[in-house]
2 protein chains.
Amino acid sequence: MPNQAAGGGHRAAPVHTDPDDVSVLTALSALADPVRIQLIRELAGSADWTRSCGSFDVPVGKAALSHHFSVLRSAGLVEQRDKGPKRVNRLRRGEFDTRFPGLLDLLLRTDNAD
Amino acid sequence: MPNQAAGGGHRAAPVHTDPDDVSVLTALSALADPVRIQLIRELAGSADWTRSCGSFDVPVGKAALSHHFSVLRSAGLVEQRDKGPKRVNRLRRGEFDTRFPGLLDLLLRTDNAD
DNA sequence: CAAGGTGTTCAACGGAAATCGAACACTCGG
DNA sequence: CCGAGTGTTCGATTTCCGTTGAACACCTTG
């Protein structure tokens with residue numbers, strides 16, 4: 001029996017924020033970064049829970065990457081779950097779009113390339 | 001005859017950027033600031049060309065204010081015109097909304113108070 | 001022409017955010 | 001139980017952005 005044993009998991013659970021509790025300023029600040037934009041775009045092109053944190057093609061080290069995911073969680077943009085040794089991600093598309101209609105679509109439009 | 005004389009005005013014309021030439025990153029960065037958000041909100045609640053730069057209720061000095069307007073111009077959000085000694089403003093609502101549909105509306109929704 | 005009002009520019013400061021390297025914690029496979 | 005792989009945390013550095021004060025430029029009114 002690999003995991004999910006009794007007594008609860010040991011790893012520190014990632015802290016999430018509900019999009020409803022996110023201010024516009026926080027949302028915009030989270031999105032106003034090249035690395036995070038790329039993370040979201042790549043994430044949007046993948047199925048839920050299929051991408052681990054290290055699987056993204058961004059020009060930063062692990063530490064900075066971990067920080068960026070923390071920001072994205074705080075802004076209600078990304079949800080994370082532990083899967084074995086990896087931490088897999090999901091873009092909270094529906095929930096975030098309910099809170100900020102059209103904002104994510106704006107970022108994901110192909111004609112919005114930089 | 002006060003002004004509008006031949007030979008052209010002398011004041012340095014403000015540099016504007018067409019919303020079509022603005023990247024998403026630039027737009028989001030411009031909007032991800034408390035002072036600029038307030039400027040846009042106040043501007044949205046006023047008729048075009050009725051608000052001079054100094055007429056806004058923001059907690060910063062003239063220098064910083066001038067800088068913020070420069071950022072807003074560069075992001076294609078605000079248009080400025082000289083009117084006597086004052087510089088009056090206009091929110092480029094239609095044009096900006098064509099480039100980034102829904103983005104301005106998001107900021108101006110009352111339930112998005114911080 | 002002088003004076004007050006408006007806005008820009010400049011150099012400089014300060015603080016927040018991004019980044020890195022190293023150390024640590026956890027999971028899984030030999 | 002050890003080792004490789006994954007991600008977080010810590011401390012320190014760097015970079016960027018907002019802010020200021022002072023000097024300057026322009027327009028108008030007296």
# chains A, B, ... in the order shown; residues from 1 in each chain; ligands from 1
>>> select_by_dssp(residues="chain A", states="strand (DSSP E or B)", output="ChimeraX atom specification")
/A:51-52,78-83,86-91
>>> write_last_selection(atoms="N, CA and C atoms", output="mmCIF file, in the first residue's frame")
data_model
loop_
_atom_site.group_PDB
_atom_site.id
_atom_site.type_symbol
_atom_site.label_atom_id
_atom_site.label_comp_id
_atom_site.auth_asym_id
_atom_site.auth_seq_id
_atom_site.Cartn_x
_atom_site.Cartn_y
_atom_site.Cartn_z
ATOM 1 N N ARG A 51 0.258 18.364 -14.952
ATOM 2 C CA ARG A 51 1.520 19.081 -14.981
ATOM 3 C C ARG A 51 2.084 19.274 -13.583
ATOM 4 N N SER A 52 3.261 18.750 -13.364
ATOM 5 C CA SER A 52 3.955 19.014 -12.104
ATOM 6 C C SER A 52 4.670 20.360 -12.218
ATOM 7 N N VAL A 78 -4.642 29.059 -9.351
ATOM 8 C CA VAL A 78 -4.143 27.702 -9.518
ATOM 9 C C VAL A 78 -4.450 26.874 -8.279
ATOM 10 N N GLU A 79 -4.775 25.622 -8.504
ATOM 11 C CA GLU A 79 -4.969 24.684 -7.404
ATOM 12 C C GLU A 79 -3.916 23.594 -7.504
ATOM 13 N N GLN A 80 -3.408 23.185 -6.344
ATOM 14 C CA GLN A 80 -2.348 22.180 -6.338
ATOM 15 C C GLN A 80 -2.729 20.986 -5.477
ATOM 16 N N ARG A 81 -2.181 19.862 -5.858
ATOM 17 C CA ARG A 81 -2.470 18.616 -5.151
ATOM 18 C C ARG A 81 -1.214 17.766 -5.169
ATOM 19 N N ASP A 82 -0.973 17.052 -4.097
ATOM 20 C CA ASP A 82 0.220 16.205 -4.047
ATOM 21 C C ASP A 82 -0.071 14.848 -4.656
ATOM 22 N N LYS A 83 0.825 14.462 -5.547
ATOM 23 C CA LYS A 83 0.686 13.168 -6.221
ATOM 24 C C LYS A 83 2.034 12.493 -6.163
ATOM 25 N N LYS A 86 5.505 14.438 -6.495
ATOM 26 C CA LYS A 86 5.283 15.644 -7.286
ATOM 27 C C LYS A 86 4.056 16.416 -6.795
ATOM 28 N N ARG A 87 4.024 17.661 -7.186
ATOM 29 C CA ARG A 87 2.868 18.511 -6.889
ATOM 30 C C ARG A 87 2.242 18.917 -8.211
ATOM 31 N N VAL A 88 1.067 18.394 -8.459
ATOM 32 C CA VAL A 88 0.429 18.622 -9.754
ATOM 33 C C VAL A 88 -0.564 19.783 -9.676
ATOM 34 N N ASN A 89 -0.791 20.407 -10.825
ATOM 35 C CA ASN A 89 -1.523 21.675 -10.861
ATOM 36 C C ASN A 89 -2.787 21.617 -11.698
ATOM 37 N N ARG A 90 -3.660 22.561 -11.376
ATOM 38 C CA ARG A 90 -4.891 22.712 -12.137
ATOM 39 C C ARG A 90 -5.221 24.196 -12.216
ATOM 40 N N LEU A 91 -5.559 24.666 -13.407
ATOM 41 C CA LEU A 91 -5.986 26.052 -13.568
ATOM 42 C C LEU A 91 -7.445 26.173 -13.140
#
>>> residues_around(residues="DG14 in chain C", least_positions_apart="4", cutoff="12 Å", atoms="only C-alpha atoms (C1' of nucleotides)", output="VMD selection string")
chain D and resid 17 to 20
>>> write_last_selection(atoms="N, CA and C atoms (P, O5', C5', C4', C3', O3' and C1' of nucleotides)", output="PDB file, in the first residue's frame")
ATOM      1  P    DC D  17       9.732  47.897 -13.735  1.00  0.00           P
ATOM      2  O5'  DC D  17       8.925  48.694 -12.598  1.00  0.00           O
ATOM      3  C5'  DC D  17       8.267  47.957 -11.564  1.00  0.00           C
ATOM      4  C4'  DC D  17       7.883  48.905 -10.439  1.00  0.00           C
ATOM      5  C3'  DC D  17       7.249  50.201 -10.926  1.00  0.00           C
ATOM      6  O3'  DC D  17       6.059  50.407 -10.199  1.00  0.00           O
ATOM      7  C1'  DC D  17       9.022  50.661  -9.428  1.00  0.00           C
ATOM      8  P    DG D  18       5.009  51.531 -10.670  1.00  0.00           P
ATOM      9  O5'  DG D  18       4.857  52.448  -9.367  1.00  0.00           O
ATOM     10  C5'  DG D  18       4.669  51.815  -8.114  1.00  0.00           C
ATOM     11  C4'  DG D  18       5.121  52.734  -7.000  1.00  0.00           C
ATOM     12  C3'  DG D  18       4.525  54.151  -7.065  1.00  0.00           C
ATOM     13  O3'  DG D  18       3.966  54.488  -5.816  1.00  0.00           O
ATOM     14  C1'  DG D  18       6.884  54.249  -6.887  1.00  0.00           C
ATOM     15  P    DT D  19       3.174  55.870  -5.613  1.00  0.00           P
ATOM     16  O5'  DT D  19       4.247  56.876  -5.018  1.00  0.00           O
ATOM     17  C5'  DT D  19       4.894  56.564  -3.798  1.00  0.00           C
ATOM     18  C4'  DT D  19       6.014  57.538  -3.522  1.00  0.00           C
ATOM     19  C3'  DT D  19       5.672  59.010  -3.753  1.00  0.00           C
ATOM     20  O3'  DT D  19       5.345  59.628  -2.511  1.00  0.00           O
ATOM     21  C1'  DT D  19       7.883  58.430  -4.504  1.00  0.00           C
ATOM     22  P    DT D  20       4.867  61.190  -2.508  1.00  0.00           P
ATOM     23  O5'  DT D  20       6.242  61.979  -2.361  1.00  0.00           O
ATOM     24  C5'  DT D  20       7.216  61.515  -1.429  1.00  0.00           C
ATOM     25  C4'  DT D  20       8.539  62.251  -1.636  1.00  0.00           C
ATOM     26  C3'  DT D  20       8.385  63.766  -1.817  1.00  0.00           C
ATOM     27  O3'  DT D  20       8.967  64.430  -0.700  1.00  0.00           O
ATOM     28  C1'  DT D  20       9.915  62.810  -3.393  1.00  0.00           C
TER      29       DT D  20
END
>>> interface_residues(of="chain B", to="chain C", cutoff="10 Å", atoms="only C-alpha atoms (C1' of nucleotides)", output="ChimeraX atom specification")
/B:12,52-54,62-63,65-67,84-87
>>> atom_distance(atom1="CA of Asn112 in chain B", atom2="CA of Ala27 in chain A")
11.0 Å
>>> closest_residue(among="D:DT28, D:DC16, D:DG5, D:DC10", to="chain B", atoms="only C-alpha atoms (C1' of nucleotides)")
D:DT28
>>> closest_atom_pairs(of="chain B", to="chain A", cutoff="9 Å", atoms="only C-alpha atoms", output="Markdown table")
| residue | atom | partner | partner_atom | distance |
| --- | --- | --- | --- | --- |
| B:Val22 | CA | A:Asp114 | CA | 8.8 |
| B:Ser23 | CA | A:Asp114 | CA | 5.6 |
| B:Val24 | CA | A:Asn112 | CA | 6.2 |
| B:Leu25 | CA | A:Ala32 | CA | 5.7 |
| B:Thr26 | CA | A:Ala32 | CA | 7.8 |
| B:Ala27 | CA | A:Ala32 | CA | 8.3 |
| B:Leu28 | CA | A:Ala32 | CA | 5.2 |
| B:Ser29 | CA | A:Ala32 | CA | 5.0 |
| B:Ala30 | CA | A:Ala32 | CA | 8.6 |
| B:Leu31 | CA | A:Leu28 | CA | 6.9 |
| B:Ala32 | CA | A:Ser29 | CA | 5.0 |
| B:Asp33 | CA | A:Leu25 | CA | 6.9 |
| B:Pro34 | CA | A:Leu25 | CA | 7.1 |
| B:Ile37 | CA | A:Leu25 | CA | 8.4 |
| B:Phe100 | CA | A:Leu106 | CA | 6.7 |
| B:Pro101 | CA | A:Leu106 | CA | 7.5 |
| B:Gly102 | CA | A:Gly102 | CA | 6.2 |
| B:Leu103 | CA | A:Leu103 | CA | 6.5 |
| B:Leu106 | CA | A:Phe100 | CA | 6.7 |
| B:Leu107 | CA | A:Val24 | CA | 7.1 |
| B:Asn112 | CA | A:Val24 | CA | 6.2 |
| B:Ala113 | CA | A:Ser23 | CA | 7.5 |
| B:Asp114 | CA | A:Ser23 | CA | 5.7 |
>>> atom_distance(atom1="CA of Val60 in chain A", atom2="CA of Thr17 in chain A")
24.4 Å
>>> residues_around(residues="Leu108 in chain A", least_positions_apart="4", cutoff="8 Å", atoms="only C-alpha atoms (C1' of nucleotides)", output="list in words")
Arg41, Ala44, Leu104 and Asn112 of chain A
>>> select_by_dssp(residues="chain A", states="alpha helix (DSSP H)", output="ChimeraX atom specification")
/A:24-31,34-44,62-74,93-99,103-108
>>> write_last_selection(atoms="C-alpha atoms", output="PDB file, in the first residue's frame")
ATOM      1  CA  VAL A  24      -8.970  43.032  -8.436  1.00  0.00           C
ATOM      2  CA  LEU A  25      -5.641  44.521  -7.502  1.00  0.00           C
ATOM      3  CA  THR A  26      -4.338  41.170  -6.294  1.00  0.00           C
ATOM      4  CA  ALA A  27      -5.565  39.412  -9.419  1.00  0.00           C
ATOM      5  CA  LEU A  28      -4.025  41.956 -11.761  1.00  0.00           C
ATOM      6  CA  SER A  29      -0.752  41.992  -9.843  1.00  0.00           C
ATOM      7  CA  ALA A  30      -0.545  38.221 -10.067  1.00  0.00           C
ATOM      8  CA  LEU A  31      -1.103  38.325 -13.810  1.00  0.00           C
ATOM      9  CA  PRO A  34       5.934  37.371 -17.728  1.00  0.00           C
ATOM     10  CA  VAL A  35       6.822  34.133 -15.987  1.00  0.00           C
ATOM     11  CA  ARG A  36       3.406  33.705 -14.405  1.00  0.00           C
ATOM     12  CA  ILE A  37       1.678  34.491 -17.675  1.00  0.00           C
ATOM     13  CA  GLN A  38       3.615  31.724 -19.338  1.00  0.00           C
ATOM     14  CA  LEU A  39       2.827  29.316 -16.526  1.00  0.00           C
ATOM     15  CA  ILE A  40      -0.877  30.012 -16.906  1.00  0.00           C
ATOM     16  CA  ARG A  41      -0.759  29.654 -20.671  1.00  0.00           C
ATOM     17  CA  GLU A  42       1.046  26.340 -20.526  1.00  0.00           C
ATOM     18  CA  LEU A  43      -1.275  25.194 -17.816  1.00  0.00           C
ATOM     19  CA  ALA A  44      -4.319  26.144 -19.858  1.00  0.00           C
ATOM     20  CA  LYS A  62      13.232  26.096  -8.515  1.00  0.00           C
ATOM     21  CA  ALA A  63      13.062  28.624  -5.715  1.00  0.00           C
ATOM     22  CA  ALA A  64      11.627  31.378  -7.858  1.00  0.00           C
ATOM     23  CA  LEU A  65       9.285  28.917  -9.499  1.00  0.00           C
ATOM     24  CA  SER A  66       7.923  27.825  -6.156  1.00  0.00           C
ATOM     25  CA  HIS A  67       7.374  31.473  -5.286  1.00  0.00           C
ATOM     26  CA  HIS A  68       5.432  32.113  -8.479  1.00  0.00           C
ATOM     27  CA  PHE A  69       3.122  29.208  -7.794  1.00  0.00           C
ATOM     28  CA  SER A  70       2.558  30.570  -4.328  1.00  0.00           C
ATOM     29  CA  VAL A  71       1.469  33.878  -5.850  1.00  0.00           C
ATOM     30  CA  LEU A  72      -0.832  32.112  -8.283  1.00  0.00           C
ATOM     31  CA  ARG A  73      -2.444  30.151  -5.453  1.00  0.00           C
ATOM     32  CA  SER A  74      -2.946  33.330  -3.420  1.00  0.00           C
ATOM     33  CA  ARG A  93     -10.652  28.396 -14.916  1.00  0.00           C
ATOM     34  CA  GLY A  94     -14.340  28.253 -14.108  1.00  0.00           C
ATOM     35  CA  GLU A  95     -14.123  29.624 -10.596  1.00  0.00           C
ATOM     36  CA  PHE A  96     -11.758  32.410 -11.534  1.00  0.00           C
ATOM     37  CA  ASP A  97     -13.819  33.318 -14.561  1.00  0.00           C
ATOM     38  CA  THR A  98     -16.899  33.616 -12.392  1.00  0.00           C
ATOM     39  CA  ARG A  99     -15.118  36.094 -10.166  1.00  0.00           C
ATOM     40  CA  LEU A 103      -9.915  38.091 -17.633  1.00  0.00           C
ATOM     41  CA  LEU A 104      -8.410  34.665 -18.212  1.00  0.00           C
ATOM     42  CA  ASP A 105      -9.739  34.539 -21.758  1.00  0.00           C
ATOM     43  CA  LEU A 106      -7.915  37.777 -22.398  1.00  0.00           C
ATOM     44  CA  LEU A 107      -4.641  36.223 -21.398  1.00  0.00           C
ATOM     45  CA  LEU A 108      -5.177  33.068 -23.374  1.00  0.00           C
TER      46      LEU A 108
END
>>> interface_residues(of="chain D", to="chain A", cutoff="10 Å", atoms="only C-alpha atoms (C1' of nucleotides)", output="count of residues only")
5
